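First comes the structure, then the notes that go with it.
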Amino acid sequence: MAEQAANILGQYELTVEDVRKGRGQWIVYSKEGVFSLKECRSGEEHLKLLKDLTDHIVETVGTKVQQIVVTPQGALTVRDVDDTPYMLQTFCEGRECNIRDSREWEQAIRLLAQMHRGMRFDAYGRISLFSLDGEFHKRNRELRKIRRYLKEKRQKTEFERILYNQYGCFLEQALRAEEEWLPYEGIFAEERKMWFSHGDYQYHNVWFGADRTMILNLEGYMADLPCRDLYQFMRKILEKNNWDQRLGQKMLDIYEKERELPLEEKISLIYRFSYPEKFWKIANHYYNGKKCFTPGKSEEKLQKVFSQEKARQSFIEGCLKGFVQ
């Protein structure tokens with residue numbers, strides 16, 4: 001495989017010194033810098049927009065994000081002997097963000113806000129707008145189907161009994177979030193045409209190097225309000241800290257010191273947090289998995305969702321809704 005990587009890299013103007021296997025990629029050390037080489041499954045138009053977007057971020061706000069390296073002929077990808085496409089991107093040697101270290105997740109939020117300042121980018125006609133209403137509707141259709149399945153199942157496991165007994169409360173939350181968000185979907189449509197989000201802003205995509213911090217893997221970018229990323233990152237930390245209101249407020253304050261959240265994004269945050277995403281994920285994973293065997297880990301996660309529900313609602317009411325006023 002190292003020989004294969006070397007053959008692919010021969011199509012770039014690089015003085016390669018070493019190539020090492022990384023997680024799902026090759027790490028390339030050269031006189032020109034450190035790069036990431038990995039198989040590419042995205043189409044040409046998607047990659048063109050990715051390059052335009054990431055170049056725009058670096059040029060306008062200077063945030064270090066992964067950028068595509070083109071060949072001397074201007075190609076975004078190269079192919080190996082089996083005609084498999086590969087993409088070369090900038091990279092930095094380091095490690096992923098430790099969300100148990102407050103200094104690191106605080107820095108990750110600052111970087112996110114800085115990056116978002118460069119993600120107002122006109123790509124009209126080049127990408128489909130993300131619909132939060134569409135996502136809520138799809139998930140709620142799945143939740144209804146799972147509830148019917150559980151209701152009709154005669155012999156239930158302990159996990160299934162626990163899940164079914166609590167189902168009504170969370171389904172009601174999910175339906176209410178969809179219904180109440182719907183009017184805003186149209187109101188904020190114009191704003192969504194101009195904004196992008198990372199799409200998967202998790203701790204493993206924030207990389208701390210010796211002399212820089214870099215945001216990785218923007219291939220999943222979406223034409224969605226930037227608060228999508230803030231929601232994803234905050235939710236992970238809050239779940240690990242029993243939805244601590246003071247912690248949540250601190251994260252919002254850190255973000256707003258770098259980029260003030262407009263009203264539409266504050267309202268969007270309320271409904272993203274109001275939707276019982278963790279419950280939906282557990283139910284959906286159960287339904288699409290082997291129902292004859294439910295790992296104890298799933299039951300543990302479900303019990304944690306139930307035990308944290310009061311704190312989650314307090315966070316939404318006391319922190320988020322007060323944030324909008």
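Chains: A, B, ... in order of the structure tokens. Residues: from 1 per chain. Ligands: from 1, in order shown.
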
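For A:Leu247, the list of residues within 12 Å, based on only C-alpha atoms and with local chain neighbours fewer than 4 positions off taken out, reads Ser102, Trp105, Glu106, Met234, Arg235, Ile237, Leu238, Glu239, Lys240, Asn241, Asn242, Trp243, Met251, Leu252, Asp253, Ile254, Phe315 and Cys319 of chain A.
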
Exercise: stretch 155-165 of chain A partners within 12 Å, only C-alpha atoms, chain neighbours under 4 positions left out, as a PDB file with C-alpha atoms, in the first residue's frame:
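Result saved to part-v5.pdb:
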```pdb
ATOM      1  CA  LEU A 143     -40.471   7.145  15.311  1.00  0.00           C
ATOM      2  CA  ARG A 144     -44.119   6.437  14.511  1.00  0.00           C
ATOM      3  CA  ILE A 146     -41.025   2.048  15.558  1.00  0.00           C
ATOM      4  CA  ARG A 147     -43.827   2.739  18.038  1.00  0.00           C
ATOM      5  CA  ARG A 148     -46.269   0.686  15.925  1.00  0.00           C
ATOM      6  CA  TYR A 149     -43.774  -2.147  15.823  1.00  0.00           C
ATOM      7  CA  LEU A 150     -43.302  -2.106  19.605  1.00  0.00           C
ATOM      8  CA  LYS A 151     -47.039  -1.855  20.240  1.00  0.00           C
ATOM      9  CA  CYS A 169     -43.375  11.602  26.069  1.00  0.00           C
ATOM     10  CA  PHE A 170     -40.491  11.760  23.599  1.00  0.00           C
ATOM     11  CA  LEU A 171     -42.666  11.294  20.516  1.00  0.00           C
ATOM     12  CA  PHE A 279     -33.900   9.176  22.007  1.00  0.00           C
ATOM     13  CA  TRP A 280     -34.493   9.025  18.246  1.00  0.00           C
ATOM     14  CA  ILE A 282     -31.365   4.906  20.234  1.00  0.00           C
ATOM     15  CA  ALA A 283     -34.807   3.899  18.928  1.00  0.00           C
ATOM     16  CA  ASN A 284     -33.636   4.001  15.317  1.00  0.00           C
ATOM     17  CA  TYR A 286     -32.600  -0.606  17.870  1.00  0.00           C
ATOM     18  CA  TYR A 287     -35.151  -0.894  15.037  1.00  0.00           C
ATOM     19  CA  LYS A 291     -33.865  -7.114  17.571  1.00  0.00           C
ATOM     20  CA  CYS A 292     -33.257 -10.567  19.002  1.00  0.00           C
ATOM     21  CA  PHE A 293     -30.283  -9.146  20.875  1.00  0.00           C
ATOM     22  CA  THR A 294     -30.091  -5.686  22.457  1.00  0.00           C
ATOM     23  CA  PRO A 295     -26.659  -4.847  23.916  1.00  0.00           C
ATOM     24  CA  GLY A 296     -26.600  -3.661  27.501  1.00  0.00           C
ATOM     25  CA  LYS A 297     -24.923  -0.484  26.266  1.00  0.00           C
ATOM     26  CA  SER A 298     -28.130   0.552  24.493  1.00  0.00           C
ATOM     27  CA  GLU A 299     -30.174   0.082  27.657  1.00  0.00           C
ATOM     28  CA  GLU A 300     -27.573   2.073  29.589  1.00  0.00           C
ATOM     29  CA  LYS A 301     -27.789   4.929  27.055  1.00  0.00           C
ATOM     30  CA  LEU A 302     -31.583   4.863  27.200  1.00  0.00           C
ATOM     31  CA  GLN A 303     -31.614   5.051  30.992  1.00  0.00           C
ATOM     32  CA  VAL A 305     -31.562   9.814  28.448  1.00  0.00           C
ATOM     33  CA  PHE A 306     -34.413   9.334  30.926  1.00  0.00           C
TER      34      PHE A 306
END
```

Leaving out A:Phe130 and any residue of its chain fewer than 5 positions from it, which residues lie within 10 Å of it when counting only C-alpha atoms, given as a list in words?
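In the requested format, the answer is Glu135, Ala189, Arg192, Lys193, Phe196, Met222, Ala223, Asp224 and Leu225 of chain A.
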
For the selection you just gave me, I'd like the residues written to a file as a compact mmCIF listing (two decimals), in the first residue's frame, keeping C-alpha atoms.
```txt
# COMPACT_ATOMS: atom_id res chain seq x y z
CA GLU A 135 -35.23 16.22 8.80
CA ALA A 189 -35.17 30.38 3.78
CA ARG A 192 -30.05 29.68 4.50
CA LYS A 193 -29.15 30.34 0.86
CA PHE A 196 -22.83 26.90 5.14
CA MET A 222 -24.17 21.56 4.17
CA ALA A 223 -26.15 24.59 3.05
CA ASP A 224 -27.51 24.99 6.56
CA LEU A 225 -27.31 27.69 9.22
```

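Nearest residue to A:Ala177, choosing from A:Arg272, A:Lys250, A:Arg103, A:Arg141 and counting only C-alpha atoms: A:Arg272.
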
Interatomic distance (Å, one decimal) between atom CA of A:Ala6 and atom CA of A:Leu76
17.5 Å

Neighbours of A:Tyr275 within 12 Å (only C-alpha atoms; same-chain residues fewer than 6 positions away dropped), as a list in words?
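Residues meeting the cut-off are Leu132, Asp133, Glu135, Phe136, His137, Arg139, Asn140, Cys169, Phe170, Leu171, Glu172, Gln173, Ala174, Leu175, Arg176, Ala177, Glu178, Glu179, Glu180, Trp181, Tyr231, Arg235, Ser268, Leu269, Lys281, Glu309, Arg312, Gln313 and Ile316 of chain A.
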
Near A:Arg41, within 12 Å and counting only C-alpha atoms, which residues show up once chain neighbours fewer than 4 positions away are dropped, as a ChimeraX atom specification?
/A:45-47,77,79,84-87,219-220

I'd like the neighbourhood of A:Tyr255 as an mmCIF file with C-alpha atoms, in the first residue's frame, where a residue qualifies if any of its atoms comes within 9 Å (using only C-alpha atoms), though same-chain residues fewer than 2 positions away should be ignored.
```cif
data_model
loop_
_atom_site.group_PDB
_atom_site.id
_atom_site.type_symbol
_atom_site.label_atom_id
_atom_site.label_comp_id
_atom_site.auth_asym_id
_atom_site.auth_seq_id
_atom_site.Cartn_x
_atom_site.Cartn_y
_atom_site.Cartn_z
ATOM 1 C CA GLU A 106 -13.208 26.283 24.565
ATOM 2 C CA ILE A 109 -15.712 26.698 20.008
ATOM 3 C CA ARG A 110 -13.644 29.836 19.293
ATOM 4 C CA LEU A 111 -12.312 28.234 16.127
ATOM 5 C CA LEU A 112 -15.818 27.239 15.103
ATOM 6 C CA ALA A 113 -17.109 30.796 15.460
ATOM 7 C CA GLN A 114 -14.115 32.164 13.558
ATOM 8 C CA LEU A 230 -22.601 24.718 17.435
ATOM 9 C CA LYS A 250 -20.434 29.626 28.995
ATOM 10 C CA MET A 251 -20.213 27.887 25.622
ATOM 11 C CA LEU A 252 -22.684 30.326 24.062
ATOM 12 C CA ASP A 253 -20.763 33.277 25.522
ATOM 13 C CA LYS A 257 -17.318 36.770 21.606
ATOM 14 C CA GLU A 258 -16.097 35.684 18.158
ATOM 15 C CA ARG A 259 -19.362 35.795 16.191
ATOM 16 C CA GLU A 260 -22.688 37.151 17.369
ATOM 17 C CA LEU A 261 -25.523 34.731 16.702
#
```

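Ranking A:Gly125, A:Ala311, A:Asn217, A:Tyr271 by their shortest atom-to-atom distance to A:Gly24, with only C-alpha atoms included, puts A:Asn217 first.
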
Find, counting only C-alpha atoms, the residue in A:Ser131, A:Thr71, A:Thr60, A:Gln25 that gets nearest to A:Lys38.
A:Gln25

What is the atom CA of A:Cys40-atom CA of A:Leu53 distance in Å, reported with one decimal?
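Separation of atom CA of A:Cys40 and atom CA of A:Leu53: 17.5 Å.
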
Just the number, please: distance in Å from atom CA of A:Glu256 to atom CA of A:Cys92, one decimal.
27.2 Å

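Within the 12 Å cut-off around A:Ser314, using only C-alpha atoms and omitting residues fewer than 6 positions from it on the same chain, the listed residues are Asn242, Trp243, Asp244, Gln245, Arg246, Gly248, Phe273, Ser274, Gln308, Leu320, Lys321 and Gly322 of chain A.
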
Select from stretch 138-282 of chain A everything DSSP, run on the backbone, classes as strand (DSSP E), then give the selection as a PyMOL selection string.
chain A and resi 206-209+213-215

The selected residues should be written to file as an mmCIF file, in the first residue's frame (atoms: C-alpha atoms).
```
data_model
loop_
_atom_site.group_PDB
_atom_site.id
_atom_site.type_symbol
_atom_site.label_atom_id
_atom_site.label_comp_id
_atom_site.auth_asym_id
_atom_site.auth_seq_id
_atom_site.Cartn_x
_atom_site.Cartn_y
_atom_site.Cartn_z
ATOM 1 C CA VAL A 206 -10.676 19.478 15.495
ATOM 2 C CA TRP A 207 -6.975 18.684 15.360
ATOM 3 C CA PHE A 208 -4.425 20.133 17.785
ATOM 4 C CA GLY A 209 -0.906 20.275 16.377
ATOM 5 C CA THR A 213 -4.960 23.920 15.253
ATOM 6 C CA MET A 214 -6.783 22.735 12.149
ATOM 7 C CA ILE A 215 -10.411 21.875 11.375
#
```

If you run DSSP on the backbone, which residues of stretch 65-186 of chain A are alpha helix (DSSP H), as number ranges by chain?
A: 102-117, 132-152, 158-165, 167-186

Considering only C-alpha atoms, state which residue in the set A:Gln249, A:Thr15, A:Asn7, A:Ser307 is at the smallest distance from A:Gln166.
A:Ser307
